[in-house]
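Engineer: My questions will all concern the structure given below.
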Amino acid sequence: MINNRQLFLQHVATPSKQPIALEIARAENIYMYTPEGKKYIDLPSGVSVSNIGHGHPHVKKAVKEQVDKFMHLMVYGEFIQSPQSQFAKLLTDQLPENLDSVYFVNSGSEANEGAIKLAKRYTGRSEIISFNNAYHGSTHGALSLLGDENMKQAYRPLLPDIKFIDFNEIDQLNNISDKTAAVILEPIQSEAGLIIPSKNYIQKLREKCNQHNAILIFDEVQMGFGRTGKLFAFEHFDISPDILCLAKAMGGGMPMGAFVAKKEIMDSFKSNPALGHITTFGGHPVSCAAAKASLEVIMDEKLVETADYKGKLFVDKICSHECVKTYRQIGLFVAIELKSEKDYNKIIELGFERGLIMDPFLFKPNCFRIAPALNITEEQINEISDIIIDCMNKL
């Protein structure tokens, strides 16, 4: 009889030649289990999705209750659906006054696509400024914003009027002009290896956008919902974007994304033409119920408040090892840069043998991320740190 592995390899399209192909039968908290019962630790949290761990009881309860009421009813934005309205209220209550209107989508790529459309529609301009080593998704428009030629050269021609500048370089902000519809960036660059800009830089960026009436878009798909020690990363810089893009951890494990803006800006989609942005499944009621429950967990369990402390525990235990070239840390997100890419590959292999799932950064191949669930315990931090140190000792 054909097994799941064979079915996977024969019928499930994958974007890599050698997928991990690890079969998981169940998952709970930071752990995933194979059908045979072997335990694996999810160190990257499904790449910043499982911020409250796998299968949190509060989220599962919300999902089950909503499934019993209704699932998809109508294309997004036509019917009043309580899960959407209630989550939008809870979310915007945590945001500045200028971010009061939520457009729900299904993923981070879709959020960024919607955001650049909205900026172009609102300003009447076409130029978008993005950043080298930025990652905003893989759909055609999001790919156009990606700051790495190797990953997108096969898909040209892409969107026109995209300019790229270097991150955290104040002089290059002079590229913003009266032709600029929007500047889009991760306020903390993730796939470049967790690059944290200066507060002064982000504030100068805000000033420059104000000067030219350009829309400032923050992509917090990876950094949102407590990961950086603030509920949202932009809070570190004492400014607010015009459009905020969210996804990944937003859904508590369910597919979910959104872009948030001032209602005046968002209303640009309503006319000339009407239906300026459309999604069938965006704001799916089950996903919205899960997202509301997930945000409640983050707030009620005060996971934002402990994120930085837990991140520093990892730094204190691991980063003095002789294999570590350097590290960067904010909240419960640590990038550990090793002295060579060869070291990284060996540590990944050794960690996997010990049941530890590790993940590299797209644009920093000698660097791995530590981004576990925000509700990880100190005992689990010690467990993971001991495994990583033991792997490093075997290099």
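Each chain in the structure tokens gets a letter, A, B and so on, in the order shown; residues start at 1 in every chain, and ligands are counted from 1 in the order they appear.
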Using the chain letters and numbers from this document, which residues of stretch 52-289 of chain A does DSSP assign to alpha helix (DSSP H), as a ChimeraX atom specification?

Structural biologist: /A:57-69,82-93,108-123,140-144,149-152,199-211,263-266,285-289

Engineer: Among stretch 81-329 of chain A, which residues does DSSP mark as strand (DSSP E) when it is run on the backbone? Keep the chain and numbering as in the structure and answer as a VMD selection string.

Structural biologist: chain A and resid 101 to 105 127 to 131 162 to 165 180 to 185 215 to 219 243 to 246 257 to 261 324 to 329

Engineer: Quick check, in Å to one decimal: how far apart do atom CA of A:Ile184 and atom CA of A:Ser101 lie?

Structural biologist: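 Going from atom CA of A:Ile184 over to atom CA of A:Ser101 covers 18.7 Å.
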
Engineer: Compare A:Val334, A:Ile129, A:Ala134, A:Cys391 by their minimum atom-to-atom distance to A:Phe368, counting only C-alpha atoms, and give me the closest one.

Structural biologist: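 Between A:Val334, A:Ile129, A:Ala134, A:Cys391, the residue approaching A:Phe368 most closely is A:Val334.
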
Engineer: Choose the residue, out of A:Leu90, A:Ala27, A:Cys209, A:Ile128, that has the smallest atom-to-atom separation from A:Leu173; count only C-alpha atoms.

Structural biologist: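 Once distances to A:Leu173 are computed over only C-alpha atoms, the minimum belongs to A:Cys209.
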
Engineer: Choose the residue, out of A:Ile2, A:Ile176, A:Cys288, A:Ala274, that has the smallest atom-to-atom separation from A:Gln81; count only C-alpha atoms.

Structural biologist: A:Cys288

Engineer: Would you list the contacts of A:Ile348 as a list in words, taking every protein, DNA or RNA residue within 8 Å and counting only C-alpha atoms, but skipping same-chain residues closer than 6 positions in sequence?

Structural biologist: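 Neighbouring residues, sequence-local ones excluded: Ile357, Met358 and Asp359 of chain A.
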
Engineer: Please produce a file of the residues just selected, as a compact mmCIF listing (two decimals), in the first residue's frame, where the atoms kept are N, CA and C atoms.

Structural biologist:
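Output file out.txt follows:
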# COMPACT_ATOMS: atom_id res chain seq x y z
N ILE A 357 14.54 21.27 14.91
CA ILE A 357 14.33 21.87 13.58
C ILE A 357 14.90 23.29 13.60
N MET A 358 15.84 23.54 12.70
CA MET A 358 16.46 24.87 12.60
C MET A 358 16.26 25.39 11.18
N ASP A 359 16.38 26.71 11.03
CA ASP A 359 16.04 27.32 9.75
C ASP A 359 17.00 28.46 9.44

Engineer: Quick one: pull the distance between atom CA of A:Val304 and atom CA of A:Gly55, Å, one decimal.

Structural biologist: 19.1 Å

Engineer: Tell me which of A:Ser340, A:Asn393, A:Gln153, A:Ser294 sits closest to A:Val59, counting only C-alpha atoms.

Structural biologist: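 For A:Val59, the nearest of the given residues is A:Ser294.
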
Engineer: Counting only C-alpha atoms, which residues of stretch 145-214 of chain A fall within 12 Å of stretch 240-261 of chain A, and what is the closest atom pair for each with its distance in Å at one decimal, ordered by chain and rising number, as CSV?

Structural biologist:
residue,atom,partner,partner_atom,distance
A:Ala181,CA,A:Asp242,CA,11.8
A:Ala182,CA,A:Asp242,CA,9.5
A:Val183,CA,A:Pro241,CA,10.0
A:Ile184,CA,A:Ile243,CA,9.2
A:Leu185,CA,A:Cys245,CA,10.1
A:Glu186,CA,A:Cys245,CA,9.5
A:Pro187,CA,A:Pro241,CA,9.8
A:Ile202,CA,A:Ser240,CA,10.0
A:Gln203,CA,A:Ser240,CA,9.5
A:Leu205,CA,A:Pro241,CA,10.2
A:Arg206,CA,A:Pro241,CA,7.7
A:Glu207,CA,A:Ser240,CA,11.1
A:Cys209,CA,A:Asp242,CA,9.8
A:Asn210,CA,A:Asp242,CA,10.1
A:Asn213,CA,A:Asp242,CA,10.6
A:Ala214,CA,A:Asp242,CA,9.2

Engineer: Write the selection just made, keeping C-alpha atoms, as a PDB file, in the first residue's frame?

Structural biologist:
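Result file is part_3.pdb:
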ATOM      1  CA  ALA A 181       3.809  56.555  -4.250  1.00  0.00           C
ATOM      2  CA  ALA A 182       5.169  54.484  -1.374  1.00  0.00           C
ATOM      3  CA  VAL A 183       8.192  53.228   0.475  1.00  0.00           C
ATOM      4  CA  ILE A 184       7.795  49.633   1.640  1.00  0.00           C
ATOM      5  CA  LEU A 185      10.095  47.996   4.136  1.00  0.00           C
ATOM      6  CA  GLU A 186      10.380  45.567   6.967  1.00  0.00           C
ATOM      7  CA  PRO A 187      11.086  47.861   9.925  1.00  0.00           C
ATOM      8  CA  ILE A 202      13.313  55.125  10.785  1.00  0.00           C
ATOM      9  CA  GLN A 203      12.286  58.547  12.059  1.00  0.00           C
ATOM     10  CA  LEU A 205      12.334  57.899   6.791  1.00  0.00           C
ATOM     11  CA  ARG A 206       8.983  58.922   8.271  1.00  0.00           C
ATOM     12  CA  GLU A 207       9.901  62.592   7.897  1.00  0.00           C
ATOM     13  CA  CYS A 209       7.712  60.367   3.393  1.00  0.00           C
ATOM     14  CA  ASN A 210       5.753  63.171   5.059  1.00  0.00           C
ATOM     15  CA  ASN A 213       3.325  62.904   0.688  1.00  0.00           C
ATOM     16  CA  ALA A 214       4.521  59.359   0.061  1.00  0.00           C
TER      17      ALA A 214
END

Engineer: Rank nothing, just name the residue among A:Val324, A:Leu275, A:Val67, A:Ala307 nearest to A:Thr377, using only C-alpha atoms.

Structural biologist: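 So, comparing all the options, the nearest one is A:Ala307.
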
Engineer: Need to verify the contact set: A:Pro365, 10 Å, only C-alpha atoms, exclusion of same-chain residues closer than 5 positions in sequence. Can you return it as a PDB file with N, CA and C atoms, in the first residue's frame?

Structural biologist:
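part06.pdb was written with the following content:
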ATOM      1  N   GLU A 191      14.928  38.328   6.560  1.00  0.00           N
ATOM      2  CA  GLU A 191      15.686  37.358   5.767  1.00  0.00           C
ATOM      3  C   GLU A 191      17.103  37.821   5.442  1.00  0.00           C
ATOM      4  N   ALA A 192      17.407  39.073   5.718  1.00  0.00           N
ATOM      5  CA  ALA A 192      18.785  39.549   5.586  1.00  0.00           C
ATOM      6  C   ALA A 192      19.627  39.140   6.783  1.00  0.00           C
ATOM      7  N   GLY A 193      18.993  38.524   7.779  1.00  0.00           N
ATOM      8  CA  GLY A 193      19.720  38.076   8.962  1.00  0.00           C
ATOM      9  C   GLY A 193      19.427  38.899  10.193  1.00  0.00           C
ATOM     10  N   GLU A 337      25.057  34.164  13.732  1.00  0.00           N
ATOM     11  CA  GLU A 337      25.893  34.086  12.540  1.00  0.00           C
ATOM     12  C   GLU A 337      27.157  33.297  12.869  1.00  0.00           C
ATOM     13  N   LEU A 338      27.359  32.221  12.126  1.00  0.00           N
ATOM     14  CA  LEU A 338      28.507  31.352  12.353  1.00  0.00           C
ATOM     15  C   LEU A 338      29.675  31.775  11.474  1.00  0.00           C
ATOM     16  N   SER A 340      31.280  30.113   9.280  1.00  0.00           N
ATOM     17  CA  SER A 340      31.243  29.640   7.901  1.00  0.00           C
ATOM     18  C   SER A 340      29.908  28.971   7.604  1.00  0.00           C
ATOM     19  N   GLU A 341      29.549  28.967   6.326  1.00  0.00           N
ATOM     20  CA  GLU A 341      28.319  28.298   5.906  1.00  0.00           C
ATOM     21  C   GLU A 341      28.427  26.790   6.129  1.00  0.00           C
ATOM     22  N   LYS A 342      29.640  26.269   6.032  1.00  0.00           N
ATOM     23  CA  LYS A 342      29.868  24.841   6.285  1.00  0.00           C
ATOM     24  C   LYS A 342      29.495  24.486   7.727  1.00  0.00           C
ATOM     25  N   TYR A 344      27.308  26.007   9.542  1.00  0.00           N
ATOM     26  CA  TYR A 344      25.854  26.056   9.646  1.00  0.00           C
ATOM     27  C   TYR A 344      25.229  24.748   9.166  1.00  0.00           C
ATOM     28  N   ASN A 345      25.650  24.282   7.997  1.00  0.00           N
ATOM     29  CA  ASN A 345      25.075  23.055   7.437  1.00  0.00           C
ATOM     30  C   ASN A 345      25.283  21.862   8.366  1.00  0.00           C
ATOM     31  N   ASP A 359      16.379  26.714  11.034  1.00  0.00           N
ATOM     32  CA  ASP A 359      16.039  27.325   9.755  1.00  0.00           C
ATOM     33  C   ASP A 359      17.000  28.464   9.444  1.00  0.00           C
ATOM     34  N   PRO A 360      17.483  28.540   8.192  1.00  0.00           N
ATOM     35  CA  PRO A 360      18.397  29.622   7.818  1.00  0.00           C
ATOM     36  C   PRO A 360      17.629  30.859   7.386  1.00  0.00           C
TER      37      PRO A 360
END

Engineer: Would you mind telling me which residue in A:Gly331, A:Pro19, A:Gly53, A:Pro157 lies nearest to A:Met32 when using only C-alpha atoms?

Structural biologist: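 The closest residue to A:Met32 is A:Gly53.
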
Engineer: Could you list, as a PyMOL selection string, every residue within 10 Å of A:Gly147, counting only C-alpha atoms and ignoring same-chain residues fewer than 5 positions away?

Structural biologist: chain A and resi 130-136+152+163-166+192+363

Engineer: Grab the atom CA of A:Ile347 to atom CA of A:Phe8 distance for me, in Å with one decimal place.

Structural biologist: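 Separation of atom CA of A:Ile347 and atom CA of A:Phe8: 26.7 Å.
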